[in-house]
Amino acid sequence: MHPELQKMLQLQFFGKEGFVRRKCEKCGSYFWTQDEKQKLCGDAPCVEYSFIGNPVGKKMDLHGMREAFLSFFEKHGHTRLKRYPVVARWRDDIYLTIASIADFQPHVTSGEVPPPANPLVISQPSIRLNDLEEVGRSGRHLTLFEMMGHHAFNNSQHIYWTEETVEYCHNFLKEIGIDDVTYKEAEWAGGGNAGVCFEVLSHGLEVATLVFMNLKEDENGKYEVKGKRYSEMPLKIVDTGYGLERFVWLVNGSKTVYDAIFPYAIEKIRGKAEKEEMEYIYAIADHARCLAFMLADGIVPSNSGAGYLARLVIRRALRFMNVIGYADDLFSIVDEHIKHMAKDFPELVEERERIKEILEIETEKFCNAIEKGKAMVMRHLEKEARITVEKLVEFYDSHGIHPEIVKEIASIEIPEDFESMVAERHLKAEKKEEKKEEGKEYDIETTPLYYDDEYAKQFDANVVHLEDKTVILDKTLFYPEGGGQQSDTGYLMQNGKKVRVKKAEKAGKAILHFLDGKLEKGAVKGEIDWHRRYAMMRHHTATHVINYAARHVLGSHIWQAGSELNENEARLDVTHYKRISEEEAMEIERVANEIVRKAMPVEKTFMRRDGAEKKFGFRLYQGGPPKGRIIRVVNIPGIEAEACGGTHVNNTAEIGMIKVIGTERVQDGVERIRFCAGEKAIEYMQRQEKMLKEIASILGTQPEKAADAAKKLVEERKRLKKEVEKLQERLGKEAAEEYKGVKIITQDNLMPSAIRELTKKKAVVISASAKGKTGILIIACSEDLPLDCSKIAQEIGKILGGGGGKRTIAQAGGKAEKLEEAKKRAIEMVKKELSKFSS
């Protein structure tokens with residue numbers, strides 16, 4: 001440790017309170033203690049836990065300890081904050097909230113925006129999946145834990161620093177009856193920052209960490225921390241983390257942390273389990289609590305992002321339930337947690353029914369994955385002799401097949417940290433790369449006039465940079481592609497010359513205009529395609545309205561997963577755990593049009609990030625968190641507020657009308673809603689009406705009776721198809737040639753169902769069909785014949801163009817004029833093969 005950093009930990013408080021500094025005889029770390037005889041640092045593994053069966057301090061449960069902590073710091077001038085979601089919506093680098101300081105990264109910790117309060121205190125539910133294998137096994141690891149923290153952000157205003165932080169900690173510990181405390185000196189680094197810290201230890205258990213974050217990563221920095229260089233930053237942050245569950249464990253002295261924090265869940269599982277294998281029982285209880293928060297806070301299980309991590313936890317719990325023979329469903333345990341946490345987290349109760357439905361769907365998917373997985377592993381083993389670790393990861397990531405399922409079929413070694421390994425791959429969010437024109441950066445800033453007046457159609461500007469048919473203007477009305485909205489098009493006029501702008505694109509602070517002709521530097525007049533722009537303004541505002549309507553109809557878990565719009569239509573991708581029904585789509589459309597009819601104002605304001613978050617919450621970040629201290633907020637009061645840089649109408653009435661034109665599944669856990677607005681909605685409905693009239697005319701009925709007429713037509717077609725099938729079967733049998741005790745049927749244009757019927761017993765079918773210049777020859781045989789139709793089809797394919805298939809049914813296809821030759825050759829080959837087996 002650098003001497004200057006070490007000096008930060010030599011506190012007057014320790015001298016005043018009778019602490020002495022010692023060096024651990026086992027690990028060599030320095031620590032502070034009031035026991036002059038203490039020779040070890042007090043941290044595991046240097047010492048063992050001494051509180052198990054011998055509780056320390058005042059006995060409390062989670063609620064009591066949380067309240068004691070928050071109240072203590074409130075009494076000492078800290079503002080109590082409500083918890084943040086466990087899914088980090090305000091971050092673009094991580095999916096889950098991993099600590100209380102994560103609530104304030106990166107914008108508060110960088111000094112870009114002020115903290116929501118200073119100083120503050122919070123108890124933040126946090127999720128870490130790095131040590132999944134240890135959960136249930138170690139007695140102390142958890143997937144979800146509450147990190148209680150008091151934070152101070154020292155900038156131009158000094159709040160408090162090292163002395164006060166340790167004094168607050170020590171006084172809180174004394175208040176709850178914990179007197180035997182050791183402060184171990186250490187270094188901390190993470191997220192590009194670093195600092196020295198104290199690890200707070202009692203009876204072998206680390207209960208808190210007091211970090212003094214004052215360094216930022218800098219390759220030329222003065223200080224080295226954990227192998228990286230750092231320099232001082234102007235902001236000095238007190239980042240403390242007190243483990244709520246560990247404190248409760250310490251004051252109860254139970255065998256494991258699990259027994260201390262959720263004995264009710266453990267008892268429920270034990271009461272319905274065939275086997276009392278405590279490692280699995282503890283893990284299931286832990287995972288169920290984690291899922292209560294994950295699902296209540298809006299995570300939808302899927303194959304990517306935070307949804308992947310939720311599914312990982314769900315399937316691990318389900319697998320362990322199978323191991324112990326638990327006689328109920330996963331929701332029964334999650335619900336037990338919800339009931340016990342209702343007082344402190346009423347929001348969990350509000351989402352109870354949705355959580356139940358999600359877990360039912362996920363359980364069914366898990367069971368299906370097991371069955372499909374076994375067959376997939378068998379197919380892989382037929383091709384490959386071994387299964388690598390990478391293949392195990394692929395089986396799990398892509399198909400949900402756990403290595404334990406693979407192990408039932410193949411002899412494999414499962415890496416001990418397998419689940420932690422796959423979780424690690426998905427913990428960090430993939431950052432979207434910003435578009436750059438051929439990687440170039442321009443030291444030019446274009447003023448966006450479209451924010452001053454979104455209804456302006458023409459403008460004056462200057463060409464300040466040009467490259468062939470690409471120009472940069474000093475100011476522009478052309479909206480560059482972004483936020484799912486396509487760019488404006490239009491014209492630039494210069495010296496009587498009119499050049500089309502095909503698209504506009506951002507490159508740093510510059511806006512590139514791509515032209516179909518050339519211009520010179522100097523003054524230009526610009527004109528955008530207004531009808532296109534206005535259609536996209538309608539569609540973009542309609543996207544916000546549809547987002548609200550979907551959340552209103554489907555539930556609070558709805559979150560934007562992507563969007564795209566142009567002048568003709570728009571689409572919105574949302575997180576959802578099942579298909580959107582036709583009735584739900586109609587209700588979304590109805591709610592959306594109700595907002596249109598109410599003629600609500602659409603407010604567009606540039607706001608300070610902290611003020612916007614305080615006013616609207618993290619739902620602002622539907623399209624992802626934008627960068628910067630100032631963000632643009634599009635707000636339909638009481639309906640929807642989003643950080644958005646797109647162009648919008650001033651009133652919902654201008655949208656005119658919203659028509660949902662379809663829904664589809666994009667990927668597991670993401671549904672797409674397609675819609676159009678304004679004139680485009682009317683045009684769509686007119687096209688649909690015209691199509692309906694044409695169909696009705698063809699059916700010889702009125703439009704309102706077209707559905708009934710079509711139904712009758714389909715039923716009649718099915719009836720006739722069955723008659724044709726029966727006729728084909730009869731004709732095939734009548735025209736069949738007997739050869740060596742086998743019927744050879746050469747009827748052409750046979751339907752698949754007829755072929756199946758004709759090849760039930762001692763029969764071969766060779767049936768040709770042609771469509772235009774393409775011909776197909778089907779060769780099929782009954783199961784009781786030793787023929788291989790695929791080999792015959794491959795040989796015939798040399799005549800037609802190609803062929804293959806299965807042993808009992810195959811086909812060759814290609815040139816129609818070669819069908820007769822191919823059919824004749826197929827009959828010869830079949831007879832030759834039959835002769836071999838009969839002789």
# chains A, B, ... in the order shown; residues from 1 in each chain; ligands from 1

$ closest_atom_pairs --of "stretch 65-106 of chain A" --to "stretch 150-170 of chain A" --cutoff "10 Å" --atoms "only C-alpha atoms" --output "JSON lines"
{"residue": "A:Phe69", "atom": "CA", "partner": "A:His150", "partner_atom": "CA", "distance": 9.4}
{"residue": "A:Leu70", "atom": "CA", "partner": "A:His150", "partner_atom": "CA", "distance": 8.8}
{"residue": "A:Phe72", "atom": "CA", "partner": "A:Tyr168", "partner_atom": "CA", "distance": 9.1}
{"residue": "A:Phe73", "atom": "CA", "partner": "A:His150", "partner_atom": "CA", "distance": 7.4}
{"residue": "A:Glu74", "atom": "CA", "partner": "A:His150", "partner_atom": "CA", "distance": 9.8}
{"residue": "A:His76", "atom": "CA", "partner": "A:Tyr168", "partner_atom": "CA", "distance": 8.7}
{"residue": "A:His78", "atom": "CA", "partner": "A:His150", "partner_atom": "CA", "distance": 7.7}
{"residue": "A:Thr79", "atom": "CA", "partner": "A:His150", "partner_atom": "CA", "distance": 9.4}
{"residue": "A:Arg80", "atom": "CA", "partner": "A:His150", "partner_atom": "CA", "distance": 9.2}
{"residue": "A:Ser100", "atom": "CA", "partner": "A:His150", "partner_atom": "CA", "distance": 9.0}
{"residue": "A:Ile101", "atom": "CA", "partner": "A:His151", "partner_atom": "CA", "distance": 8.1}
{"residue": "A:Phe104", "atom": "CA", "partner": "A:His151", "partner_atom": "CA", "distance": 10.0}

$ residues_around --residues "stretch 345-362 of chain A" --least-positions-apart "3" --cutoff "10 Å" --atoms "only C-alpha atoms" --output "mmCIF file with C-alpha atoms, in the first residue's frame"
data_model
loop_
_atom_site.group_PDB
_atom_site.id
_atom_site.type_symbol
_atom_site.label_atom_id
_atom_site.label_comp_id
_atom_site.auth_asym_id
_atom_site.auth_seq_id
_atom_site.Cartn_x
_atom_site.Cartn_y
_atom_site.Cartn_z
ATOM 1 C CA ARG A 83 -34.428 1.100 -2.337
ATOM 2 C CA LEU A 291 -36.611 -14.445 -7.550
ATOM 3 C CA ALA A 292 -39.242 -12.557 -5.560
ATOM 4 C CA PHE A 293 -37.230 -9.355 -6.126
ATOM 5 C CA MET A 294 -36.057 -10.136 -9.659
ATOM 6 C CA LEU A 295 -39.548 -10.829 -10.989
ATOM 7 C CA ALA A 296 -41.332 -8.147 -8.946
ATOM 8 C CA ASP A 297 -38.895 -5.541 -10.266
ATOM 9 C CA GLY A 298 -39.822 -6.416 -13.841
ATOM 10 C CA VAL A 300 -38.762 -11.239 -17.636
ATOM 11 C CA PRO A 301 -36.950 -14.618 -17.963
ATOM 12 C CA SER A 302 -35.345 -15.007 -21.384
ATOM 13 C CA ARG A 311 -33.862 -18.045 -15.768
ATOM 14 C CA ILE A 314 -35.155 -20.374 -11.630
ATOM 15 C CA ARG A 315 -33.771 -23.513 -13.264
ATOM 16 C CA LEU A 318 -36.165 -26.313 -9.988
ATOM 17 C CA ASP A 329 -44.171 -25.793 -6.931
ATOM 18 C CA LEU A 330 -41.496 -23.103 -6.825
ATOM 19 C CA PHE A 331 -44.042 -20.340 -6.361
ATOM 20 C CA SER A 332 -45.123 -21.852 -3.025
ATOM 21 C CA VAL A 334 -41.441 -17.588 -3.359
ATOM 22 C CA ASP A 335 -44.884 -16.774 -1.961
ATOM 23 C CA HIS A 337 -41.012 -15.026 1.212
ATOM 24 C CA ILE A 338 -43.474 -12.474 -0.183
ATOM 25 C CA LYS A 339 -45.777 -12.965 2.819
ATOM 26 C CA HIS A 340 -42.918 -12.516 5.306
ATOM 27 C CA MET A 341 -41.478 -9.474 3.503
ATOM 28 C CA ALA A 342 -44.829 -7.759 2.816
ATOM 29 C CA LYS A 365 -40.301 -24.767 -20.225
ATOM 30 C CA PHE A 366 -37.780 -26.370 -17.857
ATOM 31 C CA CYS A 367 -39.519 -29.752 -18.073
ATOM 32 C CA ASN A 368 -39.678 -29.528 -21.881
ATOM 33 C CA LEU A 554 -50.130 -6.498 -19.763
ATOM 34 C CA GLY A 555 -48.520 -5.420 -16.494
ATOM 35 C CA SER A 556 -45.820 -3.277 -14.884
ATOM 36 C CA HIS A 557 -43.042 -5.605 -16.114
ATOM 37 C CA HIS A 576 -43.187 -10.087 -21.934
ATOM 38 C CA TYR A 577 -43.285 -13.707 -20.808
ATOM 39 C CA LYS A 578 -45.973 -15.047 -23.177
#

$ residues_around --residues "stretch 174-183 of chain A" --least-positions-apart "4" --cutoff "6 Å" --atoms "only C-alpha atoms" --output "ChimeraX atom specification"
/A:31-33,57-58,198-202

$ write_last_selection --atoms "N, CA and C atoms" --output "mmCIF file, in the first residue's frame"
data_model
loop_
_atom_site.group_PDB
_atom_site.id
_atom_site.type_symbol
_atom_site.label_atom_id
_atom_site.label_comp_id
_atom_site.auth_asym_id
_atom_site.auth_seq_id
_atom_site.Cartn_x
_atom_site.Cartn_y
_atom_site.Cartn_z
ATOM 1 N N PHE A 31 -4.147 -4.311 11.317
ATOM 2 C CA PHE A 31 -5.508 -4.157 11.844
ATOM 3 C C PHE A 31 -5.472 -3.344 13.131
ATOM 4 N N TRP A 32 -6.648 -2.849 13.502
ATOM 5 C CA TRP A 32 -6.802 -2.047 14.722
ATOM 6 C C TRP A 32 -7.723 -2.778 15.690
ATOM 7 N N THR A 33 -7.295 -2.871 16.949
ATOM 8 C CA THR A 33 -8.057 -3.608 17.952
ATOM 9 C C THR A 33 -7.934 -2.934 19.319
ATOM 10 N N GLY A 57 -24.434 -9.413 20.730
ATOM 11 C CA GLY A 57 -25.286 -8.238 20.607
ATOM 12 C C GLY A 57 -26.764 -8.530 20.810
ATOM 13 N N LYS A 58 -27.590 -7.545 20.429
ATOM 14 C CA LYS A 58 -29.038 -7.637 20.630
ATOM 15 C C LYS A 58 -29.663 -8.497 19.536
ATOM 16 N N PHE A 198 -11.478 -0.047 5.383
ATOM 17 C CA PHE A 198 -11.440 -0.891 6.577
ATOM 18 C C PHE A 198 -12.450 -2.015 6.399
ATOM 19 N N GLU A 199 -12.025 -3.240 6.650
ATOM 20 C CA GLU A 199 -12.949 -4.356 6.748
ATOM 21 C C GLU A 199 -13.301 -4.503 8.216
ATOM 22 N N VAL A 200 -14.598 -4.444 8.512
ATOM 23 C CA VAL A 200 -15.068 -4.442 9.898
ATOM 24 C C VAL A 200 -15.401 -5.874 10.298
ATOM 25 N N LEU A 201 -14.712 -6.383 11.350
ATOM 26 C CA LEU A 201 -14.801 -7.791 11.721
ATOM 27 C C LEU A 201 -15.235 -7.961 13.167
ATOM 28 N N SER A 202 -16.037 -8.992 13.402
ATOM 29 C CA SER A 202 -16.441 -9.335 14.768
ATOM 30 C C SER A 202 -16.594 -10.839 14.873
#

$ residues_around --residues "A:Lys722" --least-positions-apart "6" --cutoff "12 Å" --atoms "only C-alpha atoms" --output "PDB file with all heavy atoms, in the first residue's frame"
ATOM      1  N   GLU A 715     -64.278 -26.036 -44.883  1.00  0.00           N
ATOM      2  CA  GLU A 715     -64.865 -27.321 -44.488  1.00  0.00           C
ATOM      3  C   GLU A 715     -65.144 -28.200 -45.709  1.00  0.00           C
ATOM      4  O   GLU A 715     -64.915 -29.415 -45.696  1.00  0.00           O
ATOM      5  CB  GLU A 715     -66.152 -27.084 -43.692  1.00  0.00           C
ATOM      6  CG  GLU A 715     -65.890 -26.549 -42.287  1.00  0.00           C
ATOM      7  CD  GLU A 715     -67.161 -26.108 -41.581  1.00  0.00           C
ATOM      8  OE1 GLU A 715     -68.242 -26.127 -42.226  1.00  0.00           O
ATOM      9  OE2 GLU A 715     -67.083 -25.724 -40.397  1.00  0.00           O
ATOM     10  N   GLU A 716     -65.645 -27.560 -46.784  1.00  0.00           N
ATOM     11  CA  GLU A 716     -65.918 -28.293 -48.019  1.00  0.00           C
ATOM     12  C   GLU A 716     -64.614 -28.816 -48.640  1.00  0.00           C
ATOM     13  O   GLU A 716     -64.557 -29.944 -49.133  1.00  0.00           O
ATOM     14  CB  GLU A 716     -66.639 -27.365 -49.016  1.00  0.00           C
ATOM     15  CG  GLU A 716     -66.993 -27.996 -50.347  1.00  0.00           C
ATOM     16  CD  GLU A 716     -68.026 -29.115 -50.236  1.00  0.00           C
ATOM     17  OE1 GLU A 716     -68.637 -29.303 -49.146  1.00  0.00           O
ATOM     18  OE2 GLU A 716     -68.215 -29.825 -51.239  1.00  0.00           O
ATOM     19  N   GLN A 728     -57.625 -41.935 -54.220  1.00  0.00           N
ATOM     20  CA  GLN A 728     -56.231 -42.217 -54.567  1.00  0.00           C
ATOM     21  C   GLN A 728     -55.783 -43.551 -53.985  1.00  0.00           C
ATOM     22  O   GLN A 728     -55.074 -44.320 -54.633  1.00  0.00           O
ATOM     23  CB  GLN A 728     -55.311 -41.095 -54.058  1.00  0.00           C
ATOM     24  CG  GLN A 728     -55.367 -39.838 -54.904  1.00  0.00           C
ATOM     25  CD  GLN A 728     -54.308 -38.824 -54.486  1.00  0.00           C
ATOM     26  OE1 GLN A 728     -53.741 -38.914 -53.405  1.00  0.00           O
ATOM     27  NE2 GLN A 728     -54.058 -37.858 -55.363  1.00  0.00           N
ATOM     28  N   GLU A 729     -56.197 -43.823 -52.744  1.00  0.00           N
ATOM     29  CA  GLU A 729     -55.854 -45.105 -52.115  1.00  0.00           C
ATOM     30  C   GLU A 729     -56.428 -46.270 -52.932  1.00  0.00           C
ATOM     31  O   GLU A 729     -55.741 -47.266 -53.210  1.00  0.00           O
ATOM     32  CB  GLU A 729     -56.402 -45.159 -50.692  1.00  0.00           C
ATOM     33  CG  GLU A 729     -55.638 -44.305 -49.687  1.00  0.00           C
ATOM     34  CD  GLU A 729     -56.349 -44.267 -48.342  1.00  0.00           C
ATOM     35  OE1 GLU A 729     -56.860 -45.322 -47.920  1.00  0.00           O
ATOM     36  OE2 GLU A 729     -56.416 -43.182 -47.738  1.00  0.00           O
ATOM     37  N   MET A 751     -51.220 -37.731 -52.635  1.00  0.00           N
ATOM     38  CA  MET A 751     -51.101 -36.872 -51.461  1.00  0.00           C
ATOM     39  C   MET A 751     -50.282 -37.598 -50.383  1.00  0.00           C
ATOM     40  O   MET A 751     -50.292 -38.828 -50.316  1.00  0.00           O
ATOM     41  CB  MET A 751     -52.481 -36.545 -50.887  1.00  0.00           C
ATOM     42  CG  MET A 751     -53.297 -35.622 -51.764  1.00  0.00           C
ATOM     43  SD  MET A 751     -54.889 -35.274 -50.979  1.00  0.00           S
ATOM     44  CE  MET A 751     -55.574 -34.115 -52.146  1.00  0.00           C
ATOM     45  N   PRO A 752     -49.600 -36.854 -49.502  1.00  0.00           N
ATOM     46  CA  PRO A 752     -48.811 -37.475 -48.436  1.00  0.00           C
ATOM     47  C   PRO A 752     -49.621 -38.450 -47.573  1.00  0.00           C
ATOM     48  O   PRO A 752     -49.136 -39.520 -47.204  1.00  0.00           O
ATOM     49  CB  PRO A 752     -48.327 -36.288 -47.607  1.00  0.00           C
ATOM     50  CG  PRO A 752     -48.281 -35.157 -48.575  1.00  0.00           C
ATOM     51  CD  PRO A 752     -49.439 -35.390 -49.497  1.00  0.00           C
ATOM     52  N   SER A 753     -50.882 -38.056 -47.254  1.00  0.00           N
ATOM     53  CA  SER A 753     -51.729 -38.925 -46.420  1.00  0.00           C
ATOM     54  C   SER A 753     -52.041 -40.241 -47.139  1.00  0.00           C
ATOM     55  O   SER A 753     -52.081 -41.312 -46.522  1.00  0.00           O
ATOM     56  CB  SER A 753     -53.022 -38.198 -46.052  1.00  0.00           C
ATOM     57  OG  SER A 753     -53.659 -37.722 -47.218  1.00  0.00           O
ATOM     58  N   ALA A 754     -52.218 -40.156 -48.461  1.00  0.00           N
ATOM     59  CA  ALA A 754     -52.494 -41.363 -49.245  1.00  0.00           C
ATOM     60  C   ALA A 754     -51.259 -42.264 -49.281  1.00  0.00           C
ATOM     61  O   ALA A 754     -51.362 -43.490 -49.175  1.00  0.00           O
ATOM     62  CB  ALA A 754     -52.908 -40.983 -50.665  1.00  0.00           C
TER      63      ALA A 754
END

$ closest_residue --among "A:Ile698, A:Ala461, A:Leu309, A:Ile299" --to "A:Ala561" --atoms "only C-alpha atoms"
A:Ile299

$ atom_distance --atom1 "atom CA of A:Arg229" --atom2 "atom CA of A:Met8"
18.2 Å

$ select_by_dssp --residues "stretch 572-665 of chain A" --states "strand (DSSP E or B)" --output "count of residues only"
31

$ atom_distance --atom1 "atom CA of A:Ala194" --atom2 "atom CA of A:Ser123"
22.4 Å

$ closest_residue --among "A:Lys726, A:His648, A:Arg687, A:Lys469" --to "A:Val545" --atoms "only C-alpha atoms"
A:His648

$ select_by_dssp --residues "stretch 518-579 of chain A" --states "alpha helix (DSSP H)" --output "JSON, numbers by chain"
{"A": [530, 531, 532, 533, 534, 535, 536, 537, 538, 539, 540, 541, 542, 543, 544, 545, 546, 547, 548, 549, 550, 551, 552, 553, 554]}

$ residues_around --residues "A:Arg89" --least-positions-apart "4" --cutoff "8 Å" --atoms "only C-alpha atoms" --output "number ranges by chain"
A: 85, 95, 618, 621, 624-625

$ write_last_selection --atoms "N, CA and C atoms" --output "JSON list (two decimals), in the first residue's frame"
[["chain", "number", "residue", "atom", "x", "y", "z"],
["A", 85, "PRO", "N", -34.41, -0.41, -7.79],
["A", 85, "PRO", "CA", -34.72, -1.75, -8.31],
["A", 85, "PRO", "C", -33.48, -2.64, -8.34],
["A", 95, "TYR", "N", -26.35, -5.45, -15.56],
["A", 95, "TYR", "CA", -27.79, -5.72, -15.58],
["A", 95, "TYR", "C", -28.40, -5.63, -14.19],
["A", 618, "PHE", "N", -37.08, 5.75, -12.85],
["A", 618, "PHE", "CA", -36.20, 5.12, -13.85],
["A", 618, "PHE", "C", -36.95, 4.64, -15.08],
["A", 621, "TYR", "N", -35.86, 5.61, -18.66],
["A", 621, "TYR", "CA", -34.83, 4.99, -19.49],
["A", 621, "TYR", "C", -35.34, 3.80, -20.28],
["A", 624, "GLY", "N", -32.98, 2.97, -22.94],
["A", 624, "GLY", "CA", -31.62, 2.91, -22.41],
["A", 624, "GLY", "C", -31.23, 4.26, -21.83],
["A", 625, "PRO", "N", -30.28, 4.26, -20.88],
["A", 625, "PRO", "CA", -29.89, 5.53, -20.24],
["A", 625, "PRO", "C", -29.01, 6.38, -21.15]]
